[in-house]
Each structure stands twice: as C-alpha cells, then as structure tokens.
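Structure file query14.pdb (PDB, C-alpha atoms and all ligand atoms) is printed below.
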```pdb
MODEL        1
ATOM      1  CA  MET A   1      30.642  -6.387   8.117  1.00  0.00           C
ATOM      2  CA  MET A   2      30.445  -5.504   4.436  1.00  0.00           C
ATOM      3  CA  ILE A   3      27.718  -6.010   1.843  1.00  0.00           C
ATOM      4  CA  ARG A   4      28.247  -6.052  -1.922  1.00  0.00           C
ATOM      5  CA  LEU A   5      25.704  -3.796  -3.655  1.00  0.00           C
ATOM      6  CA  SER A   6      25.108  -3.283  -7.365  1.00  0.00           C
ATOM      7  CA  SER A   7      24.062   0.346  -7.122  1.00  0.00           C
ATOM      8  CA  LYS A   8      23.183   3.130  -4.742  1.00  0.00           C
ATOM      9  CA  ILE A   9      20.373   2.654  -2.281  1.00  0.00           C
ATOM     10  CA  GLN A  10      17.273   3.858  -4.113  1.00  0.00           C
ATOM     11  CA  LYS A  11      14.559   5.832  -2.337  1.00  0.00           C
ATOM     12  CA  ASP A  12      10.950   6.432  -3.374  1.00  0.00           C
ATOM     13  CA  SER A  13      10.335   3.297  -5.452  1.00  0.00           C
ATOM     14  CA  ILE A  14       6.670   2.455  -6.081  1.00  0.00           C
ATOM     15  CA  VAL A  15       7.280  -0.745  -8.093  1.00  0.00           C
ATOM     16  CA  ASP A  16       9.282  -2.897  -5.660  1.00  0.00           C
ATOM     17  CA  GLY A  17       6.525  -3.650  -3.171  1.00  0.00           C
ATOM     18  CA  GLU A  18       3.603  -1.922  -1.520  1.00  0.00           C
ATOM     19  CA  GLY A  19       3.777   1.816  -0.923  1.00  0.00           C
ATOM     20  CA  ILE A  20       6.810   4.044  -1.218  1.00  0.00           C
ATOM     21  CA  ARG A  21       9.937   2.021  -0.591  1.00  0.00           C
ATOM     22  CA  THR A  22      13.695   2.229  -0.357  1.00  0.00           C
ATOM     23  CA  VAL A  23      15.411  -0.497  -2.364  1.00  0.00           C
ATOM     24  CA  ILE A  24      18.732  -2.073  -1.443  1.00  0.00           C
ATOM     25  CA  TRP A  25      20.136  -3.649  -4.627  1.00  0.00           C
ATOM     26  CA  THR A  26      22.519  -6.493  -3.756  1.00  0.00           C
ATOM     27  CA  GLN A  27      25.200  -7.746  -6.147  1.00  0.00           C
ATOM     28  CA  GLY A  28      25.635 -11.438  -6.949  1.00  0.00           C
ATOM     29  CA  CYS A  29      23.145 -14.062  -8.112  1.00  0.00           C
ATOM     30  CA  PRO A  30      23.701 -17.765  -8.930  1.00  0.00           C
ATOM     31  CA  HIS A  31      20.309 -18.500 -10.498  1.00  0.00           C
ATOM     32  CA  ASN A  32      20.877 -17.507 -14.154  1.00  0.00           C
ATOM     33  CA  CYS A  33      17.166 -17.228 -14.996  1.00  0.00           C
ATOM     34  CA  VAL A  34      16.599 -17.044 -18.745  1.00  0.00           C
ATOM     35  CA  GLY A  35      15.353 -13.546 -19.598  1.00  0.00           C
ATOM     36  CA  CYS A  36      16.692 -11.927 -16.407  1.00  0.00           C
ATOM     37  CA  HIS A  37      16.584  -8.134 -16.659  1.00  0.00           C
ATOM     38  CA  ASN A  38      19.369  -7.630 -14.116  1.00  0.00           C
ATOM     39  CA  LYS A  39      22.249  -9.607 -15.659  1.00  0.00           C
ATOM     40  CA  GLU A  40      24.773  -7.004 -14.541  1.00  0.00           C
ATOM     41  CA  THR A  41      23.982  -8.016 -10.937  1.00  0.00           C
ATOM     42  CA  HIS A  42      25.018 -11.684 -11.370  1.00  0.00           C
ATOM     43  CA  SER A  43      28.769 -11.371 -10.815  1.00  0.00           C
ATOM     44  CA  PHE A  44      29.943 -11.869  -7.237  1.00  0.00           C
ATOM     45  CA  SER A  45      33.026  -9.707  -7.807  1.00  0.00           C
ATOM     46  CA  GLU A  46      31.508  -6.607  -9.396  1.00  0.00           C
ATOM     47  CA  GLY A  47      29.425  -3.872  -7.819  1.00  0.00           C
ATOM     48  CA  HIS A  48      30.866  -2.197  -4.739  1.00  0.00           C
ATOM     49  CA  LEU A  49      31.383  -3.109  -1.098  1.00  0.00           C
ATOM     50  CA  VAL A  50      29.551  -1.021   1.472  1.00  0.00           C
ATOM     51  CA  ASP A  51      29.837  -1.221   5.243  1.00  0.00           C
ATOM     52  CA  VAL A  52      26.554  -2.488   6.730  1.00  0.00           C
ATOM     53  CA  GLU A  53      26.881   0.339   9.297  1.00  0.00           C
ATOM     54  CA  ASP A  54      26.708   2.821   6.385  1.00  0.00           C
ATOM     55  CA  VAL A  55      23.531   1.136   5.162  1.00  0.00           C
ATOM     56  CA  LYS A  56      22.055   1.442   8.667  1.00  0.00           C
ATOM     57  CA  ASN A  57      23.011   5.126   8.758  1.00  0.00           C
ATOM     58  CA  GLN A  58      21.165   5.621   5.498  1.00  0.00           C
ATOM     59  CA  LEU A  59      18.103   3.898   6.965  1.00  0.00           C
ATOM     60  CA  ASP A  60      18.299   6.367   9.879  1.00  0.00           C
ATOM     61  CA  GLU A  61      17.918   9.244   7.448  1.00  0.00           C
ATOM     62  CA  LEU A  62      14.874   7.914   5.593  1.00  0.00           C
ATOM     63  CA  GLU A  63      11.758  10.061   5.513  1.00  0.00           C
ATOM     64  CA  CYS A  64       8.289   9.266   4.182  1.00  0.00           C
ATOM     65  CA  GLN A  65       9.108   5.651   3.237  1.00  0.00           C
ATOM     66  CA  ASP A  66       6.734   2.760   3.951  1.00  0.00           C
ATOM     67  CA  GLY A  67       9.544   0.246   4.129  1.00  0.00           C
ATOM     68  CA  ILE A  68      12.596  -1.259   2.511  1.00  0.00           C
ATOM     69  CA  THR A  69      12.959  -3.857  -0.213  1.00  0.00           C
ATOM     70  CA  LEU A  70      15.961  -6.156  -0.545  1.00  0.00           C
ATOM     71  CA  SER A  71      16.481  -7.064  -4.174  1.00  0.00           C
ATOM     72  CA  GLY A  72      19.314  -7.914  -6.523  1.00  0.00           C
ATOM     73  CA  GLY A  73      21.034 -10.032  -7.454  1.00  0.00           C
ATOM     74  CA  ASP A  74      19.945 -12.425  -4.758  1.00  0.00           C
ATOM     75  CA  PRO A  75      20.026 -10.870  -1.284  1.00  0.00           C
ATOM     76  CA  LEU A  76      20.115 -14.311   0.354  1.00  0.00           C
ATOM     77  CA  CYS A  77      23.610 -14.913  -1.059  1.00  0.00           C
ATOM     78  CA  GLN A  78      24.805 -12.435   1.593  1.00  0.00           C
ATOM     79  CA  ILE A  79      22.714 -13.774   4.439  1.00  0.00           C
ATOM     80  CA  ASP A  80      24.772 -12.385   7.353  1.00  0.00           C
ATOM     81  CA  ALA A  81      24.674  -8.848   5.973  1.00  0.00           C
ATOM     82  CA  VAL A  82      21.005  -8.848   4.932  1.00  0.00           C
ATOM     83  CA  LEU A  83      20.046 -10.344   8.302  1.00  0.00           C
ATOM     84  CA  ALA A  84      21.819  -7.469  10.082  1.00  0.00           C
ATOM     85  CA  ILE A  85      20.042  -4.948   7.824  1.00  0.00           C
ATOM     86  CA  ALA A  86      16.649  -6.614   8.261  1.00  0.00           C
ATOM     87  CA  GLN A  87      17.028  -6.700  12.049  1.00  0.00           C
ATOM     88  CA  TYR A  88      17.946  -3.027  12.089  1.00  0.00           C
ATOM     89  CA  ALA A  89      15.101  -2.045   9.740  1.00  0.00           C
ATOM     90  CA  LYS A  90      12.651  -4.015  11.877  1.00  0.00           C
ATOM     91  CA  SER A  91      13.885  -2.232  15.023  1.00  0.00           C
ATOM     92  CA  LYS A  92      12.952   1.009  13.249  1.00  0.00           C
ATOM     93  CA  ASN A  93       9.474  -0.316  12.427  1.00  0.00           C
ATOM     94  CA  LEU A  94      10.183  -0.383   8.703  1.00  0.00           C
ATOM     95  CA  ASN A  95       8.236  -2.946   6.715  1.00  0.00           C
ATOM     96  CA  ILE A  96      10.592  -5.352   4.884  1.00  0.00           C
ATOM     97  CA  TRP A  97      10.096  -7.082   1.526  1.00  0.00           C
ATOM     98  CA  CYS A  98      12.678  -9.361  -0.071  1.00  0.00           C
ATOM     99  CA  TYR A  99      13.067 -10.808  -3.576  1.00  0.00           C
ATOM    100  CA  THR A 100      14.943 -14.080  -3.982  1.00  0.00           C
ATOM    101  CA  GLY A 101      15.445 -16.773  -6.603  1.00  0.00           C
ATOM    102  CA  TYR A 102      15.230 -19.430  -3.875  1.00  0.00           C
ATOM    103  CA  THR A 103      11.837 -20.822  -2.914  1.00  0.00           C
ATOM    104  CA  TYR A 104      10.497 -20.484   0.624  1.00  0.00           C
ATOM    105  CA  ASP A 105      10.883 -24.236   1.051  1.00  0.00           C
ATOM    106  CA  GLN A 106      14.518 -24.144  -0.090  1.00  0.00           C
ATOM    107  CA  ILE A 107      15.226 -21.376   2.422  1.00  0.00           C
ATOM    108  CA  LEU A 108      13.759 -23.489   5.234  1.00  0.00           C
ATOM    109  CA  LYS A 109      16.133 -26.299   4.202  1.00  0.00           C
ATOM    110  CA  MET A 110      19.093 -23.899   4.058  1.00  0.00           C
ATOM    111  CA  GLY A 111      18.090 -22.874   7.578  1.00  0.00           C
ATOM    112  CA  GLN A 112      18.758 -26.387   8.843  1.00  0.00           C
ATOM    113  CA  SER A 113      22.498 -25.843   8.392  1.00  0.00           C
ATOM    114  CA  ASN A 114      22.592 -22.072   8.907  1.00  0.00           C
ATOM    115  CA  ASN A 115      20.134 -20.588  11.396  1.00  0.00           C
ATOM    116  CA  ASN A 116      20.637 -17.094   9.941  1.00  0.00           C
ATOM    117  CA  TYR A 117      18.259 -17.978   7.087  1.00  0.00           C
ATOM    118  CA  LEU A 118      15.500 -18.720   9.596  1.00  0.00           C
ATOM    119  CA  GLN A 119      16.369 -15.611  11.584  1.00  0.00           C
ATOM    120  CA  PHE A 120      16.096 -13.623   8.389  1.00  0.00           C
ATOM    121  CA  LEU A 121      12.597 -14.985   7.727  1.00  0.00           C
ATOM    122  CA  ASN A 122      11.696 -14.086  11.302  1.00  0.00           C
ATOM    123  CA  ASN A 123      12.527 -10.460  10.592  1.00  0.00           C
ATOM    124  CA  ILE A 124      10.849  -9.794   7.254  1.00  0.00           C
ATOM    125  CA  ASP A 125       7.236  -9.211   6.209  1.00  0.00           C
ATOM    126  CA  VAL A 126       6.989 -10.324   2.598  1.00  0.00           C
ATOM    127  CA  LEU A 127       9.068 -12.699   0.468  1.00  0.00           C
ATOM    128  CA  ILE A 128       8.735 -12.894  -3.324  1.00  0.00           C
ATOM    129  CA  ASP A 129      10.219 -16.299  -3.980  1.00  0.00           C
ATOM    130  CA  GLY A 130      11.424 -18.417  -6.866  1.00  0.00           C
ATOM    131  CA  LYS A 131      13.336 -17.981 -10.080  1.00  0.00           C
ATOM    132  CA  PHE A 132      11.949 -15.876 -12.911  1.00  0.00           C
ATOM    133  CA  ASP A 133      10.363 -18.266 -15.452  1.00  0.00           C
ATOM    134  CA  ILE A 134      10.139 -16.651 -18.876  1.00  0.00           C
ATOM    135  CA  ALA A 135       7.462 -19.179 -19.951  1.00  0.00           C
ATOM    136  CA  LYS A 136       5.276 -17.858 -17.125  1.00  0.00           C
ATOM    137  CA  LYS A 137       6.099 -14.181 -17.633  1.00  0.00           C
ATOM    138  CA  SER A 138       3.181 -11.746 -17.589  1.00  0.00           C
ATOM    139  CA  LEU A 139       3.026  -7.960 -17.557  1.00  0.00           C
ATOM    140  CA  ASN A 140      -0.270  -8.153 -15.639  1.00  0.00           C
ATOM    141  CA  LEU A 141       1.373  -9.453 -12.473  1.00  0.00           C
ATOM    142  CA  LYS A 142       1.901  -6.977  -9.669  1.00  0.00           C
ATOM    143  CA  PHE A 143       5.325  -6.909  -7.978  1.00  0.00           C
ATOM    144  CA  LYS A 144       6.550 -10.082  -9.683  1.00  0.00           C
ATOM    145  CA  GLY A 145       7.723 -11.110 -13.141  1.00  0.00           C
ATOM    146  CA  SER A 146       6.326 -14.615 -13.631  1.00  0.00           C
ATOM    147  CA  SER A 147       3.296 -16.437 -12.269  1.00  0.00           C
ATOM    148  CA  ASN A 148       5.320 -19.183 -10.530  1.00  0.00           C
ATOM    149  CA  GLN A 149       6.738 -16.616  -8.122  1.00  0.00           C
ATOM    150  CA  ARG A 150       4.808 -16.203  -4.897  1.00  0.00           C
ATOM    151  CA  ILE A 151       4.218 -13.094  -2.806  1.00  0.00           C
ATOM    152  CA  ILE A 152       4.382 -14.648   0.636  1.00  0.00           C
ATOM    153  CA  ASP A 153       3.117 -13.294   3.947  1.00  0.00           C
ATOM    154  CA  VAL A 154       6.111 -14.471   5.983  1.00  0.00           C
ATOM    155  CA  PRO A 155       4.890 -13.908   9.592  1.00  0.00           C
ATOM    156  CA  LYS A 156       1.640 -15.750   8.777  1.00  0.00           C
ATOM    157  CA  SER A 157       3.545 -18.573   7.044  1.00  0.00           C
ATOM    158  CA  ILE A 158       5.791 -19.039  10.085  1.00  0.00           C
ATOM    159  CA  LEU A 159       2.793 -18.996  12.431  1.00  0.00           C
ATOM    160  CA  ARG A 160       0.821 -21.559  10.411  1.00  0.00           C
ATOM    161  CA  ASN A 161       3.849 -23.604   9.345  1.00  0.00           C
ATOM    162  CA  ARG A 162       2.819 -23.498   5.680  1.00  0.00           C
ATOM    163  CA  VAL A 163       3.192 -21.016   2.840  1.00  0.00           C
ATOM    164  CA  CYS A 164       0.530 -18.281   3.115  1.00  0.00           C
ATOM    165  CA  LEU A 165       0.234 -15.842   0.234  1.00  0.00           C
ATOM    166  CA  VAL A 166      -0.651 -12.148   0.357  1.00  0.00           C
ATOM    167  CA  LYS A 167      -4.085 -12.617  -1.174  1.00  0.00           C
ATOM    168  CA  LYS A 168      -4.513  -9.224  -2.814  1.00  0.00           C
ATOM    169  CA  TYR A 169      -1.357  -9.672  -4.918  1.00  0.00           C
ATOM    170  CA  ASN A 170      -1.853 -13.312  -5.876  1.00  0.00           C
ATOM    171  CA  SER A 171      -5.531 -13.371  -6.837  1.00  0.00           C
ATOM    172  CA  VAL A 172      -6.343 -13.316 -10.551  1.00  0.00           C
ATOM    173  CA  LYS A 173      -8.839 -10.619 -11.533  1.00  0.00           C
ATOM    174  CA  LYS A 174     -11.446 -11.619 -14.088  1.00  0.00           C
ATOM    175  CA  TYR A 175     -12.136  -8.877 -16.606  1.00  0.00           C
ATOM    176  CA  LYS A 176     -15.342  -8.833 -18.661  1.00  0.00           C
ATOM    177  CA  PRO A 177     -14.497  -8.731 -22.364  1.00  0.00           C
ATOM    178  CA  LEU A 178     -15.198  -5.339 -23.953  1.00  0.00           C
ATOM    179  CA  TYR A 179     -17.562  -6.781 -26.587  1.00  0.00           C
ATOM    180  CA  GLU A 180     -20.070  -7.646 -23.861  1.00  0.00           C
ATOM    181  CA  LYS A 181     -20.476  -3.930 -23.164  1.00  0.00           C
ATOM    182  CA  CYS A 182     -20.777  -3.184 -26.903  1.00  0.00           C
ATOM    183  CA  GLU A 183     -23.484  -5.808 -27.259  1.00  0.00           C
ATOM    184  CA  TYR A 184     -25.444  -4.035 -24.541  1.00  0.00           C
ATOM    185  CA  ILE A 185     -25.095  -0.669 -26.285  1.00  0.00           C
ATOM    186  CA  PHE A 186     -26.145  -1.885 -29.715  1.00  0.00           C
ATOM    187  CA  THR A 187     -29.126  -4.109 -28.845  1.00  0.00           C
TER     188      THR A 187
HETATM  189  S1  LIG A 201      16.998 -14.590  -9.401  1.00  0.00           S
HETATM  190 FE1  LIG A 201      16.531 -12.552 -10.181  1.00  0.00          FE
HETATM  191  S2  LIG A 201      18.530 -11.554 -10.486  1.00  0.00           S
HETATM  192 FE2  LIG A 201      18.905 -13.751 -10.272  1.00  0.00          FE
HETATM  193  S3  LIG A 201      18.953 -14.511 -12.403  1.00  0.00           S
HETATM  194 FE3  LIG A 201      16.862 -14.788 -11.609  1.00  0.00          FE
HETATM  195  S4  LIG A 201      15.750 -12.932 -12.260  1.00  0.00           S
HETATM  196 FE4  LIG A 201      17.974 -12.504 -12.417  1.00  0.00          FE
ENDMDL
END
```
Taking this structure as input, can you express it in the form of structure tokens?
Ligand code: SF4
Amino acid sequence: MMIRLSSKIQKDSIVDGEGIRTVIWTQGCPHNCVGCHNKETHSFSEGHLVDVEDVKNQLDELECQDGITLSGGDPLCQIDAVLAIAQYAKSKNLNIWCYTGYTYDQILKMGQSNNNYLQFLNNIDVLIDGKFDIAKKSLNLKFKGSSNQRIIDVPKSILRNRVCLVKKYNSVKKYKPLYEKCEYIFT
C-alpha cells in the first residue's frame, strides 16, 4: 500500500502536538481554507508516493520521540494508509495526533459507509478538527490556527459518545492587564 506525502518525515517537532514528535506530512487536501499556509499540499497528484512499509520502518528507527503527528494536506483523504500507520504506531506505544479539515462529527458520518474512519479514530489519541477559519485566526492558540478548531481527546470522546476536549489546550487564559501592576507601583 502506498501513501502520498508532501515531504520527508520530520523528526523532533515541538509545534505539532505535545512533546517531541515525528510529523508525517500527507499530500492532498480538498478543503481550500482561505489563508491556508500549506497550499502546496493541496494537489492530489504532486508530492511523492511512499510505501507504507517504508513509513513503518522509519517509525521503527525513532528515538526520543513522544509520538507521531499526521498532518498535511488532509491525512483522512488517504484513510487506508493512515489507518495502517496509526495501527502500527499504536502497537509501538507511540502517541498519535492527527490534524484534519473534517470535523469529528463529519468523520463519524463518513464512518457509516467506511468503517476504516471509525477504526482510525479507535487508534489515535488526539484529533485537531475542522477547517482553518481566517476570521477566527489567533497567534495565541496552542497547536491550532483558529479558535473554531478543537483539540479533541479521542479515546474519551469515544467512551462518552460525545466530543471531549483536551482541557489544557482549549481553555482561555485570562491575563491581567499590565496597567494594573503599574497602578500598584505608583500609588
Ligand atoms: S485543511 Fe489544512 S491543509 Fe487543507 S486547506 Fe485547510 S488549512 Fe490548508
């Protein structure tokens, strides 16, 4: 089985999920989000084909990585291949995050006609779901580009049959304005 990737598998990322991660960049995305930073990953004919067995071999050689992240492009457009990779990564006790332009609810619906989508959810730990919305873009968000996207605890969501977020990455911190401190100093 082959998977179309946009670039080499990238080790030691600290921005694509919690900890030190290896990122698998898939090629091909149908979502066309306005303001997308990865436009070169949209085409379904560009990038390069890699045997999934080669990807697994590369996972075998990983050292000092907390997990893998599937990103793109949209990994779910190659569901058979990313399922095989997720199952293998899980068998090696690697933590798995996945970015997708589909929402969790859309994936559940897609799973009604293709069980591999549900199997995929059963194998991953965290899903960052939904299209990038430039109107909701913020640089203060951790691990996501716009506030509509959700960082979902997938095992908990499956168990409770509703979307459960990873609290620490979805809570909004309230910062005290600086002038309050100044007021204290000068009075
Ligand atoms: S889902 Fe991601 S890769 Fe696809 S268009 Fe939107 S931001 Fe770009």
How many Å lie between CA of Gly73 in chain A and CA of Ile128 in chain A, rounded to one decimal?
-> 13.3 Å
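CA of Cys164 in chain A sits 24.4 Å away from atom S3 of ligand LIG 201 (chain A).
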Per residue of chain A within 12 Å of ligand LIG 201 (chain A), what are the shortest atom pair and its distance in Å to one decimal, counting only C-alpha atoms and all ligand atoms, with rows by chain and residue number, as a tab-separated table?
```
residue	atom	partner	partner_atom	distance
A:Ser6	CA	A:LIG201	S2	11.0
A:Trp25	CA	A:LIG201	S2	10.0
A:Thr26	CA	A:LIG201	S2	9.3
A:Gln27	CA	A:LIG201	S2	8.8
A:Gly28	CA	A:LIG201	FE2	7.9
A:Cys29	CA	A:LIG201	FE2	4.8
A:Pro30	CA	A:LIG201	FE2	6.4
A:His31	CA	A:LIG201	S3	4.6
A:Asn32	CA	A:LIG201	S3	4.0
A:Cys33	CA	A:LIG201	S3	4.2
A:Val34	CA	A:LIG201	S3	7.2
A:Gly35	CA	A:LIG201	S4	7.4
A:Cys36	CA	A:LIG201	FE4	4.2
A:His37	CA	A:LIG201	FE4	6.2
A:Asn38	CA	A:LIG201	FE4	5.3
A:Lys39	CA	A:LIG201	FE4	6.1
A:Glu40	CA	A:LIG201	S2	8.7
A:Thr41	CA	A:LIG201	S2	6.5
A:His42	CA	A:LIG201	FE2	6.5
A:Ser43	CA	A:LIG201	FE2	10.2
A:Phe44	CA	A:LIG201	FE2	11.6
A:Leu70	CA	A:LIG201	FE1	11.6
A:Ser71	CA	A:LIG201	S2	8.0
A:Gly72	CA	A:LIG201	S2	5.4
A:Gly73	CA	A:LIG201	S2	4.2
A:Asp74	CA	A:LIG201	FE2	5.8
A:Pro75	CA	A:LIG201	S2	9.3
A:Leu76	CA	A:LIG201	S1	10.2
A:Cys77	CA	A:LIG201	FE2	10.4
A:Cys98	CA	A:LIG201	FE1	11.3
A:Tyr99	CA	A:LIG201	FE1	7.7
A:Thr100	CA	A:LIG201	S1	5.8
A:Gly101	CA	A:LIG201	S1	3.9
A:Tyr102	CA	A:LIG201	S1	7.6
A:Thr103	CA	A:LIG201	S1	10.4
A:Ile128	CA	A:LIG201	FE1	10.4
A:Asp129	CA	A:LIG201	S1	8.8
A:Gly130	CA	A:LIG201	S1	7.2
A:Lys131	CA	A:LIG201	FE3	5.0
A:Phe132	CA	A:LIG201	S4	4.9
A:Asp133	CA	A:LIG201	S4	8.2
A:Ile134	CA	A:LIG201	S4	9.4
A:Lys137	CA	A:LIG201	S4	11.1
A:Lys144	CA	A:LIG201	S4	10.0
A:Gly145	CA	A:LIG201	S4	8.3
A:Ser146	CA	A:LIG201	S4	9.7
A:Gln149	CA	A:LIG201	S1	10.5
```
Just so the selection is clear, what residues does the PyMOL selection byres (((chain A and resi 50-54) around 12) and not hetatm) cover here, as a ChimeraX atom specification?
-> /A:1-9,24-27,47-49,55-61,78,80-89
Counting all atoms listed in the file, figure out which residue out of A:Cys64, A:Leu94, A:Ile152, A:Ile107 gets nearest to Leu127 in chain A.
-> A:Ile152
Please return range 90-103 of chain A, rebuilt to N, CA, C and O atoms, as an mmCIF file, in the frame of the given file.
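Result written to rebuild-v5.cif:
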```
data_model
loop_
_atom_site.group_PDB
_atom_site.id
_atom_site.type_symbol
_atom_site.label_atom_id
_atom_site.label_comp_id
_atom_site.auth_asym_id
_atom_site.auth_seq_id
_atom_site.Cartn_x
_atom_site.Cartn_y
_atom_site.Cartn_z
ATOM 1 N N LYS A 90 13.808 -3.612 11.057
ATOM 2 C CA LYS A 90 12.651 -4.015 11.877
ATOM 3 C C LYS A 90 12.633 -3.220 13.185
ATOM 4 O O LYS A 90 11.572 -2.814 13.664
ATOM 5 N N SER A 91 13.819 -2.995 13.763
ATOM 6 C CA SER A 91 13.885 -2.232 15.023
ATOM 7 C C SER A 91 13.397 -0.802 14.813
ATOM 8 O O SER A 91 13.016 -0.126 15.759
ATOM 9 N N LYS A 92 13.425 -0.340 13.565
ATOM 10 C CA LYS A 92 12.952 1.009 13.249
ATOM 11 C C LYS A 92 11.522 0.985 12.706
ATOM 12 O O LYS A 92 11.045 1.954 12.118
ATOM 13 N N ASN A 93 10.860 -0.146 12.878
ATOM 14 C CA ASN A 93 9.474 -0.316 12.427
ATOM 15 C C ASN A 93 9.286 -0.133 10.929
ATOM 16 O O ASN A 93 8.222 0.309 10.482
ATOM 17 N N LEU A 94 10.325 -0.422 10.157
ATOM 18 C CA LEU A 94 10.183 -0.383 8.703
ATOM 19 C C LEU A 94 9.682 -1.750 8.237
ATOM 20 O O LEU A 94 10.125 -2.780 8.732
ATOM 21 N N ASN A 95 8.754 -1.721 7.300
ATOM 22 C CA ASN A 95 8.236 -2.946 6.715
ATOM 23 C C ASN A 95 9.282 -3.477 5.711
ATOM 24 O O ASN A 95 9.929 -2.706 5.030
ATOM 25 N N ILE A 96 9.486 -4.803 5.682
ATOM 26 C CA ILE A 96 10.592 -5.352 4.884
ATOM 27 C C ILE A 96 10.087 -6.378 3.869
ATOM 28 O O ILE A 96 9.465 -7.374 4.240
ATOM 29 N N TRP A 97 10.367 -6.115 2.597
ATOM 30 C CA TRP A 97 10.096 -7.082 1.526
ATOM 31 C C TRP A 97 11.434 -7.584 1.001
ATOM 32 O O TRP A 97 12.427 -6.846 1.030
ATOM 33 N N CYS A 98 11.438 -8.822 0.507
ATOM 34 C CA CYS A 98 12.678 -9.361 -0.071
ATOM 35 C C CYS A 98 12.368 -10.205 -1.308
ATOM 36 O O CYS A 98 11.455 -11.037 -1.280
ATOM 37 N N TYR A 99 13.132 -9.982 -2.366
ATOM 38 C CA TYR A 99 13.067 -10.808 -3.576
ATOM 39 C C TYR A 99 14.201 -11.823 -3.541
ATOM 40 O O TYR A 99 15.325 -11.485 -3.195
ATOM 41 N N THR A 100 13.893 -13.055 -3.902
ATOM 42 C CA THR A 100 14.943 -14.080 -3.982
ATOM 43 C C THR A 100 14.612 -15.106 -5.062
ATOM 44 O O THR A 100 13.425 -15.362 -5.334
ATOM 45 N N GLY A 101 15.652 -15.694 -5.636
ATOM 46 C CA GLY A 101 15.445 -16.773 -6.603
ATOM 47 C C GLY A 101 15.221 -18.114 -5.924
ATOM 48 O O GLY A 101 14.837 -19.090 -6.562
ATOM 49 N N TYR A 102 15.493 -18.195 -4.628
ATOM 50 C CA TYR A 102 15.230 -19.430 -3.875
ATOM 51 C C TYR A 102 13.744 -19.485 -3.525
ATOM 52 O O TYR A 102 13.094 -18.460 -3.355
ATOM 53 N N THR A 103 13.217 -20.705 -3.374
ATOM 54 C CA THR A 103 11.837 -20.822 -2.914
ATOM 55 C C THR A 103 11.821 -20.803 -1.379
ATOM 56 O O THR A 103 12.846 -21.076 -0.730
#
```
